[in-house]
Amino acid sequence: MSKIYQNPYYSSSERAKDLLKIMTIEEKIGQMCQMDGRIDTEKWVIERGIGSVLHVTGEMIGDIQKMADKTRLKIPVLIGIDAIHGHAFHSGATVFNSQLSMACSWNKKMIERMAKITAIEVALTGIHWTFSPVLCIARDMRWGRVGETFGEDPYLISELGEAMIKGYQGESLFHDYSILACAKHFAGYGETVGGRDSSDAEVSRRKLREIFFKPFKKAVETGVSSIMAGYNSIDGTPCSSNSWLLKDVLNEWNFEGFVVTDWNNIGNLHHIQKVAENMKEASRLGIESGNHMMMSTPEFYEEALNLAKKGEVSLDMIDDACYRILKLKFELGLFDGRKTLESITEKSLIGCPSHVKEAYNLVAESIVMLKNSSILPLRDNIKKIAVIGPNADDIQAQLGDWSFGTREHPHIPTWDYHRDYDASNVVTVLGGLRDRGNKKGVEISYHKGCSSEKEDESEIKRAIEIAEESDIIIAVVGDTNIQNGEMRDRSDINLRGSQNSLLKELKNTKKPLITVLICGKPLDINWIEENSDGVLLAFNPGQEGGNAIADIIFGYQNPSGKLPISFPKSVGQQPVYYNALPGWHSDRYIELDSRPLYPFGYGLSYSRFGYSNLKVSKEVLNKNDILTVSVSVFNSSSQKGMEIVQLYVNDIYSTVVTPCKELKGFKKIEMPPNEMKTVTFEIPISSLGFYNEMEEYCIEKGEFEVMVGSSSKDEDLLKKTIRVS
C-alpha cells in the first residue's frame with residue numbers, strides 16, 4: 001500500500017491523489033456524504049466511511065474521530081457547524097452580533113477579527129468548518145433570512161465577505177486556529193418570488209452576473225474553501241441540478257474548493273422540486289451537476305454506489321469530488337493529528353475577556369442612530385428611567401438566529417444545542433442600563449409591558465404606571481427568533497403582538513420617548529419614526545449588545561453605524577433598495593412615494609460632519625486608468641466621532657439599463673473635533689462596467705457621475721462628472 005498520503009512532506013495535492021488511488025468506490029462515495037452526526041453514527045462513520053458530519057459538539061466529536069480510526073484508511077471526518085456570528089451553539093463561547101448587525105459597522109478589519117475569533121473558538125472544540133459567510137443579497141423584507149445577510153449591496157457584501165473569509169481561514173489552513181469558510185447560498189437565494197424561502201428566483205443569467213454573483217466571485221478570488229448550493233431554483237432549474245451554475249461558472253472563476261449542497265438538496269430534487277422522478281435520478285443529477293458533498297440525504301450513498309457500479313455516472317466526477325474534499329482535509333492537517341480534541345490545549349481562550357471585548361467593540365460600531373431630537377445622549381438631570389418593552393430583557397431576541405436561542409429548527413427535530421447553554425455572559429439592554437445607571441445614580445425601573453409574539457394588553461397598564469413615574473422612557477421593541485429565519489417568511493413587517501398599543505400608550509404619558517429596536521431585519525416603523533424623540537437600531541446585537549446600547553444612550557460611545565439595507569415604509573412599498581433600475585413611469589404609488597423611510601448608508605452621529613471640495617484626478621479617462629477621487633470631511637462638533645464616507649457611481653447612458661447609482665468605495669474614518677480630513681479613493685475604470693445581453697463584461701465610453709457623501713440619498717452627495725473615452 002502506498003504511503004505517500006501518510007507523509008506530511010508531500011503536498012496536499014500529491015497526498016490526496018495518492019490516497020485516491022487506493023480507495024474503493026464505497027470509500028469514495030462515503031467521502032461525498034455529510035450527515036447529522038447524532039443519527040446512526042457508527043453506521044455512517046465505521047461502515048460507510050462518511051466524509052463529514054454536522055450538528056455535533058462536545059465529546060461526541062472525539063468519539064467520531066475514534067470511529068474513523070477503525071476504518072481501513074483511517075480518513076478523518078470533517079466536522080461542520082453553523083458558526084454564523086460566533087461559535088454560538090457552544091456554551092461559554094463568544095456570541096457576536098448578527099451578520100446584518102455587524103454589516104452596519106462597515107468595518108472590514110473588525111469583521112475579519114470577529115471571524116478569526118470565531119475560528120479560534122470553533123477550532124478549540126474540535127470543529128473544522130463553518131457554514132459562513134452568507135453572501136445572499138437581501139432585497140425583500142418578507143424573506144425570513146434577511147438578518148443572516150450583509151444587506152442589499154453587492155459591493156459591500158463582497159468586501160465584508162472577503163474580510164470574514166480571511167478571518168476564518170487565516171494565512172494557512174494548516175494553522176491550529178484556521179477553519180474552512182463556506183460561501184452560501186449559491187445563488188439568487190434572496191431573490192425568490194414573494195420573499196418565499198427556497199422557492200424560484202426568476203432572474204436571468206445576465207442579472208445573476210450583474211448582481212448576485214459578485215460576492216461569490218470575490219469569495220473565490222479570496223480563496224474560499226467551499227461553496228454551498230442554494231435550496232432555490234433559478235428560472236425553474238434547482239441550484240443543485242444546475243451544471244451551468246456549479247460547473248461552468250465556478251470553473252470559469254477557477255474555483256478549487258468543493259461544493260456542498262444545503263440540507264437535503266438532493267432529496268428535494270425528487271420530493272419537492274420534482275425534477276427527478278426517483279432518488280436514483282436525483283443522485284445522478286447531483287453528481288453530474290457539480291455537487292461534491294451531499295448534506296443530509298441518506299439515500300444518496302446507496303443510489304450513488306449503484307450508479308457508479310453500473311457505469312451510469314462518470315467515475316471521473318466521483319474522483320474529482322473526492323479529491324477536492326481530501327485535499328482540504330490534508331491542508332487542514334487532519335491526517336497529521338492536528339485540530340483534534342486531544343491536541344487542543346488552549347480551551348481557556350473560549351469566551352475569554354479579550355474576545356468579549358472584541359464583541360463589544362464590533363457591536364458598538366454597529367448600532368445605528370436613526371433619529372435624535374436632541375434627546376441623546378442623556379443629560380445629567382435624568383434621574384429616573386423607565387425601561388419598557390418585550391425585548392429589553394430577552395436573551396434569545398438579542399442573540400438572534402443561529403444561536404442557542406434558535407427555536408425548534410424545521411429541518412432538525414432533535415435540535416437541542418440550547419439544552420445546557422449558560423447564558424450568564426449575555427448582557428441585555430436592561431442589564432446594560434442598570435449597570436450604567438447605578439454608576440451615575442440613575443434609578444432604573446422595568447416592565448415588559450407586552451408580548452412581541454401575541455396580542456395581550458393585560459400588562460400595559462402597569463408599564464404605563466412605571467413610565468409616568470419616570471423622567472424618560474426607553475422602549476425596547478422589535479421581533480423574536482420565531483419571526484425570523486429559515487422557513488419563517490412574513491406577509492407583513494409590522495410590529496407583532498401588542499407592541500404598537502404599548503408604544504402609543506407610552507407616548508400618551510407625554511414623557512420623552514427613546515425607542516431601541518432589537519430585530520432581525522427592517523420592520524414597518526413609521527409610527528416610531530414620527531413619534532419617538534430618539535431611535536436606535538441594534539438588529540440582533542449579540543452578548544455585548546446591552547452594554548454597547550447603554551453606553552451610547554449615556555454618551556460613553558458615539559454612534560457610527562450606517563444602514564447596509566434600506567427600510568421600507570410598508571411591505572407594499574418594496575422594493576426600496578437604493579440601486580434600483582430607472583424606468584418607473586411614476587415616482588410614487590397612489591398612496592405612498594418611492595423614497596424609503598431610511599435609505600442605504602444612512603446613520604446619525606453625535607458629531608456633525610460636512611462634505612466639501614470634491615475633486616477627480618482626471619475628467620477624461622480610458623478603461624485602463626485608475627480614477628483618484630478626493631473629498632474634504634469636516635467635523636464641526638466638539639465631539640470626536642467616526643464617519644463612513646461613501647462613493648457611488650452612475651453610468652449616465654448605457655446600452656442596457658443600469659442602476660441609478662452603485663457603491664464603488666467606502667472608508668470609515670475617525671474624526672477629532674473641529675478638524676478637517678481629506679479622504680481619497682482610487683477607483684479602477686475597469687470596475688465601472690456591466691454585463692451586456694450576451695453576458696459579456698464591457699466598459700462603454702460615455703459620461704459617469706461620481707458621487708461622494710454620507711449616505712445614498714441624492715441630497716447627501718456631492719457630484720462630479722467624468723468621461724470614459
# chains A, B, ... in the order shown; residues from 1 in each chain; ligands from 1

call {"tool": "residues_around", "arguments": {"residues": "stretch 321-327 of chain A", "least_positions_apart": "3", "cutoff": "8 Å", "atoms": "only C-alpha atoms", "output": "VMD selection string"}}
result
chain A and resid 12 to 13 15 to 17 20 28 to 29 31 to 32 51 256 to 258 291 to 293 317 to 318 330 to 331

call {"tool": "write_last_selection", "arguments": {"atoms": "C-alpha atoms", "output": "JSON list (two decimals), in the first residue's frame"}}
result
[["chain", "number", "residue", "atom", "x", "y", "z"],
["A", 12, "SER", "CA", -1.75, 18.21, -0.10],
["A", 13, "SER", "CA", -2.47, 17.64, -3.78],
["A", 15, "ARG", "CA", -1.26, 13.15, -0.89],
["A", 16, "ALA", "CA", -4.89, 13.40, -2.00],
["A", 17, "LYS", "CA", -4.10, 11.91, -5.41],
["A", 20, "LEU", "CA", -7.49, 8.35, -4.14],
["A", 28, "LYS", "CA", -15.12, 7.46, -2.34],
["A", 29, "ILE", "CA", -18.90, 7.70, -2.19],
["A", 31, "GLN", "CA", -16.46, 10.89, 1.40],
["A", 32, "MET", "CA", -19.18, 12.63, -0.61],
["A", 51, "GLY", "CA", -16.68, 12.29, 4.75],
["A", 256, "GLU", "CA", -10.57, 24.88, -6.44],
["A", 257, "GLY", "CA", -12.62, 24.02, -3.36],
["A", 258, "PHE", "CA", -15.69, 21.85, -3.11],
["A", 291, "ASN", "CA", -22.09, 18.94, -6.26],
["A", 292, "HIS", "CA", -19.20, 17.33, -4.39],
["A", 293, "MET", "CA", -20.64, 16.74, -0.93],
["A", 317, "MET", "CA", -16.70, 13.01, -11.48],
["A", 318, "ILE", "CA", -16.67, 10.95, -8.29],
["A", 330, "PHE", "CA", -4.81, 17.39, 4.16],
["A", 331, "GLU", "CA", -4.49, 21.18, 4.08]]

call {"tool": "closest_atom_pairs", "arguments": {"of": "stretch 438-497 of chain A", "to": "stretch 534-551 of chain A", "cutoff": "10 Å", "atoms": "only C-alpha atoms", "output": "CSV"}}
result
residue,atom,partner,partner_atom,distance
A:Ile474,CA,A:Gly534,CA,9.3
A:Ala475,CA,A:Val535,CA,9.6
A:Val476,CA,A:Leu536,CA,9.5
A:Gly478,CA,A:Phe539,CA,8.5
A:Asp479,CA,A:Phe539,CA,9.4
A:Thr480,CA,A:Asn540,CA,9.6
A:Asn481,CA,A:Asn540,CA,9.7

call {"tool": "closest_residue", "arguments": {"among": "A:Gly151, A:Pro215, A:Gly520, A:Pro512", "to": "A:Val477", "atoms": "only C-alpha atoms"}}
result
A:Gly520

call {"tool": "select_by_dssp", "arguments": {"residues": "stretch 335-503 of chain A", "states": "strand (DSSP E or B)", "output": "ChimeraX atom specification"}}
result
/A:368-372,384-388,443-447,472-478

call {"tool": "write_last_selection", "arguments": {"atoms": "C-alpha atoms", "output": "mmCIF file, in the first residue's frame"}}
result
data_model
loop_
_atom_site.group_PDB
_atom_site.id
_atom_site.type_symbol
_atom_site.label_atom_id
_atom_site.label_comp_id
_atom_site.auth_asym_id
_atom_site.auth_seq_id
_atom_site.Cartn_x
_atom_site.Cartn_y
_atom_site.Cartn_z
ATOM 1 C CA VAL A 368 -27.295 52.910 14.073
ATOM 2 C CA MET A 369 -28.889 56.083 15.395
ATOM 3 C CA LEU A 370 -31.884 56.640 13.142
ATOM 4 C CA LYS A 371 -33.323 59.708 14.878
ATOM 5 C CA ASN A 372 -32.247 62.165 17.559
ATOM 6 C CA LYS A 384 -35.419 58.095 36.741
ATOM 7 C CA ILE A 385 -35.616 55.944 33.621
ATOM 8 C CA ALA A 386 -38.462 53.591 32.760
ATOM 9 C CA VAL A 387 -37.244 50.689 30.615
ATOM 10 C CA ILE A 388 -40.292 49.176 28.949
ATOM 11 C CA GLU A 443 -32.880 54.823 39.088
ATOM 12 C CA ILE A 444 -33.934 52.195 36.536
ATOM 13 C CA SER A 445 -37.459 50.751 36.609
ATOM 14 C CA TYR A 446 -38.522 47.965 34.267
ATOM 15 C CA HIS A 447 -41.642 46.306 32.956
ATOM 16 C CA ILE A 472 -37.805 59.467 30.416
ATOM 17 C CA ILE A 473 -38.921 56.238 28.722
ATOM 18 C CA ILE A 474 -36.681 53.803 26.876
ATOM 19 C CA ALA A 475 -38.901 51.394 24.929
ATOM 20 C CA VAL A 476 -37.185 48.257 23.609
ATOM 21 C CA VAL A 477 -39.273 46.584 20.910
ATOM 22 C CA GLY A 478 -38.858 44.541 17.733
#

call {"tool": "residues_around", "arguments": {"residues": "A:Gly161", "least_positions_apart": "3", "cutoff": "10 Å", "atoms": "only C-alpha atoms", "output": "ChimeraX atom specification"}}
result
/A:103,108,111-112,132-135,149-150,155-158,164-167,183,215-216,218-219,222,224

call {"tool": "select_by_dssp", "arguments": {"residues": "stretch 217-403 of chain A", "states": "helix (DSSP H, G or I)", "output": "ChimeraX atom specification"}}
result
/A:217-222,239-241,243-252,265-271,279-288,300-309,315-332,334-336,341-343,347-349,353-364,395-399

call {"tool": "residues_around", "arguments": {"residues": "A:Leu430", "least_positions_apart": "3", "cutoff": "6 Å", "atoms": "only C-alpha atoms", "output": "number ranges by chain"}}
result
A: 392-393, 433

call {"tool": "write_last_selection", "arguments": {"atoms": "N, CA and C atoms", "output": "PDB file, in the first residue's frame"}}
result
ATOM      1  N   ALA A 392     -36.447  44.220  26.039  1.00  0.00           N
ATOM      2  CA  ALA A 392     -35.484  44.851  26.943  1.00  0.00           C
ATOM      3  C   ALA A 392     -34.661  43.826  27.695  1.00  0.00           C
ATOM      4  N   ASP A 393     -35.252  42.656  27.947  1.00  0.00           N
ATOM      5  CA  ASP A 393     -34.551  41.642  28.736  1.00  0.00           C
ATOM      6  C   ASP A 393     -34.739  40.257  28.129  1.00  0.00           C
ATOM      7  N   LEU A 433     -28.265  49.017  30.968  1.00  0.00           N
ATOM      8  CA  LEU A 433     -28.766  50.285  31.505  1.00  0.00           C
ATOM      9  C   LEU A 433     -28.703  50.297  33.026  1.00  0.00           C
TER      10      LEU A 433
END
